[in-house]
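As stored in query.tsv (TSV, C-alpha atoms (C1' of nucleotides) and all ligand atoms):
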chain	number	residue	atom	x	y	z
A	1	MET	CA	85.78	125.30	137.68
A	2	ASP	CA	85.33	126.89	134.31
A	3	THR	CA	86.66	124.62	131.61
A	4	GLU	CA	85.23	126.72	128.84
A	5	ALA	CA	86.74	129.95	130.19
A	6	ILE	CA	90.19	128.41	130.28
A	7	LYS	CA	89.89	127.24	126.69
A	8	GLN	CA	88.70	130.70	125.71
A	9	SER	CA	91.57	132.50	127.35
A	10	LEU	CA	94.18	130.17	125.89
A	11	ASP	CA	92.62	130.52	122.48
A	12	GLY	CA	92.46	134.27	122.81
A	13	SER	CA	96.19	134.33	123.52
A	14	GLY	CA	97.10	132.21	120.52
A	15	LEU	CA	98.06	129.24	122.69
A	16	ARG	CA	96.77	125.82	121.75
A	17	CYS	CA	94.70	124.24	124.44
A	18	THR	CA	96.71	121.09	125.02
A	19	PRO	CA	95.85	118.78	127.90
A	20	GLN	CA	99.09	119.68	129.69
A	21	ARG	CA	98.65	123.42	129.27
A	22	PHE	CA	95.04	123.22	130.31
A	23	ALA	CA	96.03	121.27	133.40
A	24	VAL	CA	98.48	123.95	134.50
A	25	MET	CA	95.82	126.65	134.17
A	26	ALA	CA	93.21	124.53	135.94
A	27	PHE	CA	95.60	123.75	138.77
A	28	LEU	CA	96.43	127.41	139.26
A	29	MET	CA	92.78	128.39	139.29
A	30	GLU	CA	91.99	125.79	141.94
A	31	HIS	CA	94.99	126.60	144.13
A	32	ASN	CA	95.40	130.26	144.86
A	33	GLN	CA	98.24	129.62	147.28
A	34	HIS	CA	100.96	130.62	144.82
A	35	PRO	CA	102.50	127.21	144.15
A	36	THR	CA	106.03	126.79	142.85
A	37	ALA	CA	106.75	125.17	139.50
A	38	ALA	CA	107.70	121.98	141.33
A	39	GLU	CA	104.39	121.96	143.18
A	40	ILE	CA	102.45	122.55	139.98
A	41	PHE	CA	104.36	119.75	138.29
A	42	GLU	CA	103.58	117.41	141.13
A	43	GLY	CA	99.96	118.49	141.39
A	44	VAL	CA	99.26	118.11	137.72
A	45	ASN	CA	100.80	114.65	137.59
A	46	ARG	CA	98.75	113.44	140.49
A	47	LEU	CA	95.86	113.15	138.00
A	48	ASP	CA	95.73	112.86	134.26
A	49	PRO	CA	97.19	114.01	132.02
A	50	ARG	CA	100.85	113.35	132.60
A	51	SER	CA	103.12	116.27	131.97
A	52	SER	CA	106.89	116.33	131.98
A	53	ARG	CA	108.93	118.77	133.99
A	54	ALA	CA	110.12	120.54	130.84
A	55	THR	CA	106.56	120.93	129.60
A	56	THR	CA	105.41	122.30	132.92
A	57	TYR	CA	108.14	124.92	132.82
A	58	ASN	CA	107.51	125.65	129.13
A	59	ASN	CA	103.83	126.12	129.69
A	60	LEU	CA	104.34	128.34	132.70
A	61	ARG	CA	106.68	130.48	130.62
A	62	ASP	CA	104.12	130.70	127.80
A	63	LEU	CA	101.27	131.51	130.15
A	64	VAL	CA	103.26	134.24	131.85
A	65	GLN	CA	104.19	135.71	128.47
A	66	ALA	CA	100.57	135.62	127.41
A	67	GLY	CA	99.63	137.55	130.53
A	68	LEU	CA	97.38	134.81	131.90
A	69	VAL	CA	99.65	133.88	134.79
A	70	ARG	CA	101.77	135.97	137.10
A	71	GLU	CA	105.22	134.94	138.30
A	72	VAL	CA	106.38	136.17	141.67
A	73	ALA	CA	110.12	136.08	142.29
A	74	VAL	CA	111.03	135.53	145.93
A	75	GLU	CA	114.59	136.15	147.08
A	76	GLY	CA	116.46	132.92	147.65
A	77	ARG	CA	113.50	130.71	146.84
A	78	ALA	CA	111.73	129.19	143.90
A	79	ALA	CA	109.43	131.44	141.91
A	80	ARG	CA	105.72	131.25	142.64
A	81	PHE	CA	102.80	131.50	140.28
A	82	ASP	CA	99.18	132.52	140.26
A	83	ALA	CA	96.44	132.80	137.67
A	84	LYS	CA	95.69	136.45	137.02
A	85	GLY	CA	92.13	136.88	138.20
A	86	MET	CA	91.04	139.87	140.23
A	87	PRO	CA	93.88	142.36	140.59
A	88	HIS	CA	95.55	142.23	143.98
A	89	HIS	CA	98.82	142.91	145.72
A	90	HIS	CA	101.23	140.48	147.32
A	91	PHE	CA	102.60	140.13	150.79
A	92	ILE	CA	105.85	138.13	150.97
A	93	CYS	CA	106.90	136.71	154.33
A	94	ASP	CA	110.45	137.56	155.39
A	95	ARG	CA	110.74	134.32	157.26
A	96	CYS	CA	108.97	131.56	155.36
A	97	GLY	CA	108.78	133.10	151.91
A	98	ASN	CA	105.06	132.46	151.54
A	99	VAL	CA	103.17	134.75	149.22
A	100	GLU	CA	99.71	135.96	150.25
A	101	ASP	CA	97.14	138.05	148.43
A	102	ILE	CA	96.24	141.50	149.68
A	103	ALA	CA	93.08	143.22	148.50
A	104	TRP	CA	93.73	145.59	145.64
A	105	TYR	CA	94.15	149.30	146.19
A	106	ASP	CA	95.33	151.90	143.81
A	107	VAL	CA	99.05	152.32	143.07
A	108	PRO	CA	100.41	155.78	142.27
A	109	LYS	CA	102.44	155.85	139.08
A	110	PRO	CA	105.80	157.58	138.79
A	111	SER	CA	106.01	160.99	137.20
A	112	VAL	CA	106.83	161.13	133.52
A	113	SER	CA	110.11	162.81	134.34
A	114	ALA	CA	111.12	160.06	136.76
A	115	LEU	CA	110.23	157.42	134.19
A	116	GLY	CA	112.12	159.02	131.32
A	117	PRO	CA	112.08	157.10	128.04
A	118	ARG	CA	111.19	153.80	129.67
A	119	LYS	CA	107.99	152.02	128.62
A	120	LEU	CA	105.94	151.26	131.72
A	121	ARG	CA	103.92	148.04	131.58
A	122	GLU	CA	102.86	147.59	135.16
A	123	CYS	CA	103.25	148.98	138.57
A	124	GLU	CA	102.91	146.69	141.57
A	125	ILE	CA	103.16	146.98	145.30
A	126	ILE	CA	105.04	144.34	147.26
A	127	LEU	CA	104.45	144.20	151.00
A	128	ARG	CA	106.98	142.51	153.23
A	129	GLY	CA	107.09	141.41	156.82
A	130	LEU	CA	105.82	138.43	158.77
A	131	CYS	CA	102.83	136.42	157.63
A	132	ARG	CA	100.04	135.38	159.97
A	133	GLN	CA	101.74	132.16	161.01
A	134	CYS	CA	105.24	133.58	161.42
A	135	ALA	CA	104.01	136.67	163.26
A	136	SER	CA	102.35	134.51	165.89
A	137	LYS	CA	105.44	132.37	166.51
A	138	LYS	CA	107.79	133.39	169.30
A	139	VAL	CA	111.53	134.20	169.02
A	140	SER	CA	114.02	134.45	166.17
B	1	MET	CA	134.03	157.13	149.20
B	2	ASP	CA	133.43	157.14	152.91
B	3	THR	CA	135.58	154.55	154.62
B	4	GLU	CA	134.69	155.75	158.06
B	5	ALA	CA	130.96	155.69	157.37
B	6	ILE	CA	131.13	152.08	156.24
B	7	LYS	CA	132.99	151.09	159.39
B	8	GLN	CA	130.42	152.93	161.46
B	9	SER	CA	127.45	151.28	159.86
B	10	LEU	CA	128.95	147.80	160.14
B	11	ASP	CA	129.83	148.44	163.74
B	12	GLY	CA	126.38	149.79	164.48
B	13	SER	CA	124.89	146.58	163.11
B	14	GLY	CA	127.07	144.33	165.23
B	15	LEU	CA	129.06	143.12	162.23
B	16	ARG	CA	132.83	143.08	162.44
B	17	CYS	CA	134.48	145.21	159.84
B	18	THR	CA	136.58	142.59	158.10
B	19	PRO	CA	138.45	143.42	154.90
B	20	GLN	CA	136.15	141.17	152.89
B	21	ARG	CA	132.97	142.57	154.34
B	22	PHE	CA	134.20	146.11	153.95
B	23	ALA	CA	135.07	145.41	150.33
B	24	VAL	CA	131.54	144.25	149.56
B	25	MET	CA	130.06	147.41	151.05
B	26	ALA	CA	132.58	149.64	149.31
B	27	PHE	CA	131.95	147.94	145.98
B	28	LEU	CA	128.21	148.39	146.32
B	29	MET	CA	128.58	152.06	147.20
B	30	GLU	CA	130.73	152.69	144.16
B	31	HIS	CA	128.56	150.74	141.75
B	32	ASN	CA	124.91	151.66	141.96
B	33	GLN	CA	124.06	149.49	138.98
B	34	HIS	CA	122.64	146.65	141.07
B	35	PRO	CA	125.35	144.04	140.54
B	36	THR	CA	124.73	140.33	141.01
B	37	ALA	CA	126.59	138.32	143.64
B	38	ALA	CA	128.84	136.96	140.90
B	39	GLU	CA	129.68	140.48	139.74
B	40	ILE	CA	130.42	141.59	143.28
B	41	PHE	CA	132.63	138.54	143.81
B	42	GLU	CA	134.53	139.31	140.65
B	43	GLY	CA	134.77	143.03	141.32
B	44	VAL	CA	136.05	142.58	144.84
B	45	ASN	CA	138.68	140.10	143.77
B	46	ARG	CA	139.98	142.38	141.06
B	47	LEU	CA	141.70	144.29	143.89
B	48	ASP	CA	142.74	143.33	147.35
B	49	PRO	CA	141.60	141.76	149.53
B	50	ARG	CA	140.80	138.36	148.16
B	51	SER	CA	137.43	137.00	149.13
B	52	SER	CA	136.04	133.56	148.47
B	53	ARG	CA	132.71	132.93	146.84
B	54	ALA	CA	131.26	131.58	150.08
B	55	THR	CA	132.37	134.66	151.97
B	56	THR	CA	130.91	136.98	149.38
B	57	TYR	CA	127.56	135.23	149.66
B	58	ASN	CA	127.79	135.08	153.46
B	59	ASN	CA	128.55	138.76	153.70
B	60	LEU	CA	125.78	139.72	151.33
B	61	ARG	CA	123.38	137.68	153.45
B	62	ASP	CA	124.60	139.35	156.64
B	63	LEU	CA	124.43	142.82	155.16
B	64	VAL	CA	120.90	142.27	153.89
B	65	GLN	CA	119.85	140.97	157.31
B	66	ALA	CA	121.40	143.99	158.97
B	67	GLY	CA	119.39	146.24	156.68
B	68	LEU	CA	122.43	147.84	155.06
B	69	VAL	CA	121.94	146.22	151.68
B	70	ARG	CA	118.85	145.48	149.65
B	71	GLU	CA	118.37	142.34	147.61
B	72	VAL	CA	116.21	142.50	144.51
B	73	ALA	CA	114.86	139.22	143.20
B	74	VAL	CA	114.40	139.18	139.44
B	75	GLU	CA	112.35	136.41	137.83
B	76	GLY	CA	114.56	133.90	136.09
B	77	ARG	CA	117.79	135.71	136.86
B	78	ALA	CA	120.35	136.09	139.61
B	79	ALA	CA	119.45	138.36	142.51
B	80	ARG	CA	120.79	141.89	142.44
B	81	PHE	CA	122.01	144.04	145.28
B	82	ASP	CA	122.35	147.67	146.22
B	83	ALA	CA	123.54	149.59	149.24
B	84	LYS	CA	120.56	151.19	150.96
B	85	GLY	CA	121.18	154.89	150.60
B	86	MET	CA	118.42	157.30	149.67
B	87	PRO	CA	115.10	155.53	149.46
B	88	HIS	CA	114.01	154.84	145.90
B	89	HIS	CA	111.91	152.49	143.83
B	90	HIS	CA	113.02	150.00	141.23
B	91	PHE	CA	112.23	149.55	137.60
B	92	ILE	CA	112.89	146.03	136.29
B	93	CYS	CA	113.22	145.51	132.55
B	94	ASP	CA	111.00	142.79	131.10
B	95	ARG	CA	113.53	142.04	128.43
B	96	CYS	CA	117.03	142.37	129.84
B	97	GLY	CA	116.33	142.08	133.56
B	98	ASN	CA	118.27	145.21	134.43
B	99	VAL	CA	117.25	147.01	137.58
B	100	GLU	CA	117.17	150.82	137.56
B	101	ASP	CA	116.48	153.31	140.31
B	102	ILE	CA	113.40	155.49	140.20
B	103	ALA	CA	113.12	158.59	142.35
B	104	TRP	CA	111.25	157.93	145.55
B	105	TYR	CA	107.61	158.81	145.92
B	106	ASP	CA	105.22	157.88	148.65
B	107	VAL	CA	103.65	154.42	148.74
B	108	PRO	CA	100.15	154.02	150.18
B	109	LYS	CA	99.96	151.35	152.85
B	110	PRO	CA	97.23	148.71	152.96
B	111	SER	CA	94.32	149.11	155.31
B	112	VAL	CA	94.59	147.45	158.70
B	113	SER	CA	91.76	145.14	157.75
B	114	ALA	CA	93.47	144.03	154.55
B	115	LEU	CA	96.69	143.41	156.45
B	116	GLY	CA	95.14	141.41	159.24
B	117	PRO	CA	97.52	140.00	161.86
B	118	ARG	CA	100.57	140.27	159.62
B	119	LYS	CA	103.51	142.42	160.72
B	120	LEU	CA	104.32	144.88	157.97
B	121	ARG	CA	108.02	145.77	157.63
B	122	GLU	CA	108.13	147.52	154.31
B	123	CYS	CA	106.09	148.45	151.36
B	124	GLU	CA	107.75	148.86	147.98
B	125	ILE	CA	106.73	149.66	144.46
B	126	ILE	CA	108.14	147.65	141.58
B	127	LEU	CA	107.80	149.12	138.12
B	128	ARG	CA	108.07	146.89	135.09
B	129	GLY	CA	108.37	147.39	131.39
B	130	LEU	CA	111.20	148.19	128.99
B	131	CYS	CA	114.30	150.04	130.10
B	132	ARG	CA	115.80	152.90	128.14
B	133	GLN	CA	117.96	150.68	125.98
B	134	CYS	CA	115.38	147.98	125.34
B	135	ALA	CA	112.62	150.51	124.62
B	136	SER	CA	114.70	152.07	121.87
B	137	LYS	CA	115.51	148.78	120.16
B	138	LYS	CA	113.24	147.56	117.39
B	139	VAL	CA	111.24	144.32	117.33
B	140	SER	CA	111.22	141.18	119.46
C	1	DT	C1'	149.69	133.84	176.77
C	2	DA	C1'	145.48	130.94	176.06
C	3	DC	C1'	140.65	131.04	175.11
C	4	DT	C1'	136.76	132.08	172.40
C	5	DA	C1'	133.63	133.72	169.04
C	6	DG	C1'	133.37	135.29	164.62
C	7	DC	C1'	135.05	135.00	160.03
C	8	DT	C1'	137.09	132.93	155.83
C	9	DT	C1'	138.05	129.20	152.72
C	10	DA	C1'	137.93	125.38	148.99
C	11	DG	C1'	135.27	122.50	147.30
C	12	DA	C1'	131.24	119.52	147.61
C	13	DT	C1'	126.45	119.68	147.42
C	14	DA	C1'	121.73	121.25	146.62
C	15	DT	C1'	118.13	123.57	144.14
C	16	DA	C1'	115.97	125.77	140.30
C	17	DG	C1'	115.53	126.16	135.79
C	18	DT	C1'	116.97	125.47	130.68
C	19	DC	C1'	118.33	122.92	126.63
C	20	DT	C1'	118.64	119.10	123.20
C	21	DA	C1'	117.21	115.85	120.12
C	22	DA	C1'	113.83	112.55	119.37
C	23	DT	C1'	108.97	111.67	119.30
C	24	DT	C1'	104.12	112.62	119.35
C	25	DT	C1'	100.14	115.34	118.26
C	26	DA	C1'	97.60	118.72	115.76
C	27	DT	C1'	96.78	121.57	111.66
C	28	DT	C1'	96.93	122.69	106.81
C	29	DC	C1'	95.91	121.89	102.29
C	30	DA	C1'	96.28	119.28	97.90
D	1	DT	C1'	91.41	111.70	102.63
D	2	DG	C1'	96.60	111.46	103.19
D	3	DA	C1'	101.04	113.95	103.00
D	4	DA	C1'	103.39	117.71	104.60
D	5	DT	C1'	104.12	120.92	108.05
D	6	DA	C1'	103.94	123.07	112.42
D	7	DA	C1'	103.46	122.91	117.35
D	8	DA	C1'	103.95	120.59	121.62
D	9	DT	C1'	105.78	117.00	124.65
D	10	DT	C1'	109.37	114.12	126.57
D	11	DA	C1'	113.54	112.19	129.30
D	12	DG	C1'	117.35	113.34	130.81
D	13	DA	C1'	121.62	116.00	130.37
D	14	DC	C1'	123.13	120.31	131.49
D	15	DT	C1'	123.76	125.16	133.51
D	16	DA	C1'	123.27	128.65	136.83
D	17	DT	C1'	122.70	130.10	141.33
D	18	DA	C1'	123.23	129.55	145.94
D	19	DT	C1'	124.23	126.93	150.31
D	20	DC	C1'	126.73	123.81	153.25
D	21	DT	C1'	130.70	121.50	155.51
D	22	DA	C1'	134.57	121.08	158.03
D	23	DA	C1'	138.89	122.90	158.74
D	24	DG	C1'	141.70	126.76	159.56
D	25	DC	C1'	142.39	131.67	160.54
D	26	DT	C1'	141.79	136.24	162.98
D	27	DA	C1'	140.63	139.59	166.46
D	28	DG	C1'	139.08	140.57	170.90
D	29	DT	C1'	139.35	139.28	175.89
D	30	DA	C1'	141.39	137.78	180.09
E	201	MN	MN	98.29	136.27	144.12
E	202	MN	MN	118.51	150.60	143.71
E	203	ZN	ZN	105.77	133.31	157.19
E	204	ZN	ZN	116.21	146.32	129.17
For this file, produce the structure as structure tokens.
Amino acid sequence: MDTEAIKQSLDGSGLRCTPQRFAVMAFLMEHNQHPTAAEIFEGVNRLDPRSSRATTYNNLRDLVQAGLVREVAVEGRAARFDAKGMPHHHFICDRCGNVEDIAWYDVPKPSVSALGPRKLRECEIILRGLCRQCASKKVS
Amino acid sequence: MDTEAIKQSLDGSGLRCTPQRFAVMAFLMEHNQHPTAAEIFEGVNRLDPRSSRATTYNNLRDLVQAGLVREVAVEGRAARFDAKGMPHHHFICDRCGNVEDIAWYDVPKPSVSALGPRKLRECEIILRGLCRQCASKKVS
DNA sequence: TACTAGCTTAGATATAGTCTAATTTATTCA
DNA sequence: TGAATAAATTAGACTATATCTAAGCTAGTA
């Protein structure tokens, strides 16, 4: 797990590398299962350093703003997070809400006329349906 | 505004056409600005019939499940809804969270190998950036 | 009519996330 | 270095969003 790389990327984004902020990044890089803020908070506090709930949320907000972390909103559930590594798409399960990575493939952009005066920053594909586990379960 | 069509589509989905449920559908068909549940609740209660908050949420849930309404989760904000009419994509503003329609264009599906045993239901494109209004405003 | 399933309701409750004000930690620079 | 300043952290109160509960109310059926 690349301590130096994390420091670099925080530094490069103008964010101080505090123990709490570092811990959030490190946790996300070790757990690519799209944890919620509550899970990150719990995971980080299982070891040192301690981090408050407010700090965990603050740092997630800062990391998302800096473009180092991605936030995935899931209808009716807590947001999920992942460290932006290799580009990939997301599959969101209709039933359990889990978010899974799908290998990247190219996304067609809208025409200039469809976009109008809007400033496009990114263009993502969201796949929906039943995840591995839920697809294999019987009934409703 | 097509009263009969709403009744038909509710009926066809096995949902009784109650005044409250009808009002939610009618409101969504008249307001394609992706209102939140709170806005729908308020809008519906501005006229007859009265509908409680619980009923508004219940009906939105039922309509989404029936595939008549789409729910759009927006990070850090209330979910937004629209009646599923013509297929289209969504542009979500980074700054103000507004959701705008973008003319439909075809979305490439993932390869079977990337998808694995998952059951794919739909495949949508989400565009992000600054909406018309926010793009034209200066500074942070 | 009586029965039933589906629907609605007010208000309590749960969950997710933000804010405040005080404190701690790091950085700047005299 | 030490003083001043800026940035980050904290506990816990607070807000926003959404769901649940339990009782009552239709509409459809017999
Ligand atoms: Mn991911
Ligand atoms: Mn729409
Ligand atoms: Zn699932
Ligand atoms: Zn905007």
TODO: Just need the residues of chain D within 10 Å of chain B, counting all atoms listed in the file, so spit them out as a PyMOL selection string.
DONE: chain D and resi 16-20+26-27
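Minimum atom-to-atom distances from A:Arg46, A:Arg70, A:Lys7, A:His31 to chain B were compared using only C-alpha atoms, and the lowest value belongs to A:Arg70.
In this structure, atom C1' of C:DT18 sits 26.6 Å away from atom CA of B:Leu60.
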**Request:** Could you tell me, counting all atoms listed in the file, which protein and nucleic acid residues lie no more than 7 Å from ligand MN 202 (chain E), written as an MDAnalysis selection string?
**Result:** chainID B and resid 32 34 82 88:90 100:101
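Excluding stretch 7-10 of chain C itself and same-chain residues fewer than 5 positions from it, the residues having an atom within 12 Å of it are Leu15, Arg16, Cys17, Thr18, Pro19, Gln20, Arg21, Pro49, Arg50, Ser51, Ser52, Arg53, Ala54, Thr55, Thr56, Tyr57, Asn58, Asn59 and Asp62 of chain B; DT21, DA22, DA23, DG24, DC25, DT26 and DA27 of chain D, counting all atoms listed in the file.
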Once you have the residues from the selection above, write them out as an mmCIF file, in the coordinates of the input, restricted to C-alpha atoms (C1' of nucleotides).
data_model
loop_
_atom_site.group_PDB
_atom_site.id
_atom_site.type_symbol
_atom_site.label_atom_id
_atom_site.label_comp_id
_atom_site.auth_asym_id
_atom_site.auth_seq_id
_atom_site.Cartn_x
_atom_site.Cartn_y
_atom_site.Cartn_z
ATOM 1 C CA LEU B 15 129.060 143.120 162.230
ATOM 2 C CA ARG B 16 132.830 143.080 162.440
ATOM 3 C CA CYS B 17 134.480 145.210 159.840
ATOM 4 C CA THR B 18 136.580 142.590 158.100
ATOM 5 C CA PRO B 19 138.450 143.420 154.900
ATOM 6 C CA GLN B 20 136.150 141.170 152.890
ATOM 7 C CA ARG B 21 132.970 142.570 154.340
ATOM 8 C CA PRO B 49 141.600 141.760 149.530
ATOM 9 C CA ARG B 50 140.800 138.360 148.160
ATOM 10 C CA SER B 51 137.430 137.000 149.130
ATOM 11 C CA SER B 52 136.040 133.560 148.470
ATOM 12 C CA ARG B 53 132.710 132.930 146.840
ATOM 13 C CA ALA B 54 131.260 131.580 150.080
ATOM 14 C CA THR B 55 132.370 134.660 151.970
ATOM 15 C CA THR B 56 130.910 136.980 149.380
ATOM 16 C CA TYR B 57 127.560 135.230 149.660
ATOM 17 C CA ASN B 58 127.790 135.080 153.460
ATOM 18 C CA ASN B 59 128.550 138.760 153.700
ATOM 19 C CA ASP B 62 124.600 139.350 156.640
ATOM 20 C "C1'" DT D 21 130.700 121.500 155.510
ATOM 21 C "C1'" DA D 22 134.570 121.080 158.030
ATOM 22 C "C1'" DA D 23 138.890 122.900 158.740
ATOM 23 C "C1'" DG D 24 141.700 126.760 159.560
ATOM 24 C "C1'" DC D 25 142.390 131.670 160.540
ATOM 25 C "C1'" DT D 26 141.790 136.240 162.980
ATOM 26 C "C1'" DA D 27 140.630 139.590 166.460
#
I'm after chain B in the frame of chain A: fit it by least squares over all Cα atoms matched in order, and give me the output as a CSV table (one decimal) with C-alpha atoms, in the frame of the given file.
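Final output, selection-v2.csv:
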chain,number,residue,atom,x,y,z
B,1,MET,CA,85.8,125.4,137.7
B,2,ASP,CA,85.4,126.9,134.3
B,3,THR,CA,86.7,124.6,131.7
B,4,GLU,CA,85.3,126.7,128.9
B,5,ALA,CA,86.7,129.9,130.2
B,6,ILE,CA,90.2,128.4,130.3
B,7,LYS,CA,89.9,127.2,126.7
B,8,GLN,CA,88.7,130.7,125.7
B,9,SER,CA,91.6,132.5,127.3
B,10,LEU,CA,94.2,130.1,125.9
B,11,ASP,CA,92.6,130.5,122.5
B,12,GLY,CA,92.5,134.2,122.8
B,13,SER,CA,96.2,134.3,123.5
B,14,GLY,CA,97.1,132.2,120.5
B,15,LEU,CA,98.1,129.2,122.7
B,16,ARG,CA,96.7,125.8,121.8
B,17,CYS,CA,94.7,124.2,124.5
B,18,THR,CA,96.7,121.0,125.1
B,19,PRO,CA,95.8,118.7,128.0
B,20,GLN,CA,99.1,119.7,129.7
B,21,ARG,CA,98.6,123.4,129.3
B,22,PHE,CA,95.0,123.2,130.3
B,23,ALA,CA,96.0,121.3,133.4
B,24,VAL,CA,98.5,123.9,134.5
B,25,MET,CA,95.8,126.6,134.2
B,26,ALA,CA,93.2,124.5,136.0
B,27,PHE,CA,95.6,123.7,138.8
B,28,LEU,CA,96.4,127.4,139.3
B,29,MET,CA,92.8,128.4,139.3
B,30,GLU,CA,92.0,125.8,142.0
B,31,HIS,CA,95.0,126.6,144.2
B,32,ASN,CA,95.4,130.3,144.9
B,33,GLN,CA,98.2,129.6,147.3
B,34,HIS,CA,101.0,130.6,144.8
B,35,PRO,CA,102.5,127.2,144.1
B,36,THR,CA,106.0,126.8,142.9
B,37,ALA,CA,106.7,125.2,139.5
B,38,ALA,CA,107.7,122.0,141.3
B,39,GLU,CA,104.4,122.0,143.2
B,40,ILE,CA,102.5,122.5,140.0
B,41,PHE,CA,104.4,119.7,138.3
B,42,GLU,CA,103.6,117.4,141.1
B,43,GLY,CA,100.0,118.5,141.4
B,44,VAL,CA,99.3,118.1,137.7
B,45,ASN,CA,100.8,114.6,137.6
B,46,ARG,CA,98.8,113.4,140.5
B,47,LEU,CA,95.9,113.2,138.0
B,48,ASP,CA,95.8,112.8,134.3
B,49,PRO,CA,97.2,114.0,132.0
B,50,ARG,CA,100.9,113.3,132.6
B,51,SER,CA,103.1,116.3,131.9
B,52,SER,CA,106.9,116.3,131.9
B,53,ARG,CA,109.0,118.8,133.9
B,54,ALA,CA,110.1,120.5,130.8
B,55,THR,CA,106.5,120.9,129.6
B,56,THR,CA,105.4,122.3,132.9
B,57,TYR,CA,108.1,124.9,132.8
B,58,ASN,CA,107.5,125.7,129.1
B,59,ASN,CA,103.8,126.1,129.7
B,60,LEU,CA,104.3,128.3,132.7
B,61,ARG,CA,106.7,130.5,130.6
B,62,ASP,CA,104.1,130.7,127.8
B,63,LEU,CA,101.3,131.5,130.1
B,64,VAL,CA,103.2,134.2,131.9
B,65,GLN,CA,104.2,135.7,128.5
B,66,ALA,CA,100.5,135.6,127.4
B,67,GLY,CA,99.6,137.5,130.5
B,68,LEU,CA,97.4,134.8,131.9
B,69,VAL,CA,99.7,133.9,134.8
B,70,ARG,CA,101.8,136.0,137.1
B,71,GLU,CA,105.2,135.0,138.3
B,72,VAL,CA,106.4,136.2,141.7
B,73,ALA,CA,110.1,136.1,142.3
B,74,VAL,CA,111.0,135.5,145.9
B,75,GLU,CA,114.6,136.2,147.1
B,76,GLY,CA,116.4,132.9,147.7
B,77,ARG,CA,113.5,130.7,146.9
B,78,ALA,CA,111.7,129.2,143.9
B,79,ALA,CA,109.4,131.4,141.9
B,80,ARG,CA,105.7,131.2,142.6
B,81,PHE,CA,102.8,131.5,140.3
B,82,ASP,CA,99.2,132.5,140.3
B,83,ALA,CA,96.4,132.8,137.7
B,84,LYS,CA,95.7,136.5,137.0
B,85,GLY,CA,92.2,136.9,138.2
B,86,MET,CA,91.1,139.9,140.2
B,87,PRO,CA,93.9,142.4,140.6
B,88,HIS,CA,95.6,142.2,144.0
B,89,HIS,CA,98.9,142.9,145.7
B,90,HIS,CA,101.2,140.5,147.3
B,91,PHE,CA,102.6,140.1,150.8
B,92,ILE,CA,105.8,138.1,151.0
B,93,CYS,CA,106.9,136.7,154.3
B,94,ASP,CA,110.4,137.5,155.4
B,95,ARG,CA,110.7,134.3,157.3
B,96,CYS,CA,108.9,131.6,155.4
B,97,GLY,CA,108.8,133.1,151.9
B,98,ASN,CA,105.0,132.5,151.5
B,99,VAL,CA,103.2,134.8,149.2
B,100,GLU,CA,99.7,136.0,150.2
B,101,ASP,CA,97.2,138.1,148.4
B,102,ILE,CA,96.3,141.5,149.7
B,103,ALA,CA,93.1,143.3,148.5
B,104,TRP,CA,93.8,145.6,145.6
B,105,TYR,CA,94.2,149.3,146.2
B,106,ASP,CA,95.4,151.9,143.8
B,107,VAL,CA,99.1,152.4,143.1
B,108,PRO,CA,100.4,155.8,142.3
B,109,LYS,CA,102.5,155.9,139.1
B,110,PRO,CA,105.8,157.7,138.8
B,111,SER,CA,106.0,161.1,137.2
B,112,VAL,CA,106.8,161.2,133.5
B,113,SER,CA,110.1,162.9,134.3
B,114,ALA,CA,111.1,160.1,136.7
B,115,LEU,CA,110.2,157.5,134.2
B,116,GLY,CA,112.1,159.0,131.3
B,117,PRO,CA,112.1,157.1,128.0
B,118,ARG,CA,111.2,153.8,129.7
B,119,LYS,CA,108.0,152.0,128.6
B,120,LEU,CA,105.9,151.3,131.7
B,121,ARG,CA,103.9,148.1,131.6
B,122,GLU,CA,102.8,147.6,135.2
B,123,CYS,CA,103.2,149.0,138.6
B,124,GLU,CA,102.9,146.7,141.6
B,125,ILE,CA,103.2,147.0,145.3
B,126,ILE,CA,105.0,144.4,147.3
B,127,LEU,CA,104.5,144.2,151.0
B,128,ARG,CA,107.0,142.5,153.2
B,129,GLY,CA,107.1,141.4,156.8
B,130,LEU,CA,105.8,138.4,158.8
B,131,CYS,CA,102.8,136.4,157.6
B,132,ARG,CA,100.0,135.4,160.0
B,133,GLN,CA,101.7,132.2,161.0
B,134,CYS,CA,105.2,133.6,161.4
B,135,ALA,CA,104.0,136.7,163.3
B,136,SER,CA,102.3,134.5,165.9
B,137,LYS,CA,105.4,132.3,166.5
B,138,LYS,CA,107.8,133.3,169.2
B,139,VAL,CA,111.5,134.2,168.8
B,140,SER,CA,114.0,133.8,166.0
*Kindly provide, as JSON, numbers by chain, the residues of chain A having any atom no farther than 7 Å from an atom of chain B, counting all atoms listed in the file.*
{"A": [73, 74, 75, 102, 103, 114, 117, 118, 119, 120, 121, 122, 123, 124, 125, 126, 127, 128, 129, 130, 131, 132, 135]}
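The space between atom CA of A:Phe27 and atom CA of A:Ile40 spans 7.1 Å.
Each of C:DA21, C:DA26, C:DA5, C:DA14 was checked against chain A using all atoms listed in the file; the smallest atom-to-atom distance is that of C:DA26.
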Which residues are near stretch 2-5 of chain D? Cut-off 9 Å, only C-alpha atoms (C1' of nucleotides), ignore same chain within fewer than 2 positions. Put them as an MDAnalysis selection string.
chainID C and resid 27:30
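In this structure, atom CA of A:Phe22 sits 10.5 Å away from atom CA of A:Glu4.
Within 10 Å of chain A, chain C contributes the residues DT15, DA16, DG17, DT18, DC19, DT25 and DA26 of chain C, using only C-alpha atoms (C1' of nucleotides).
The closest residue to B:Leu63, picked from B:Met25, B:Cys96, B:Leu47, B:Val112 and counting all atoms listed in the file, is B:Met25.
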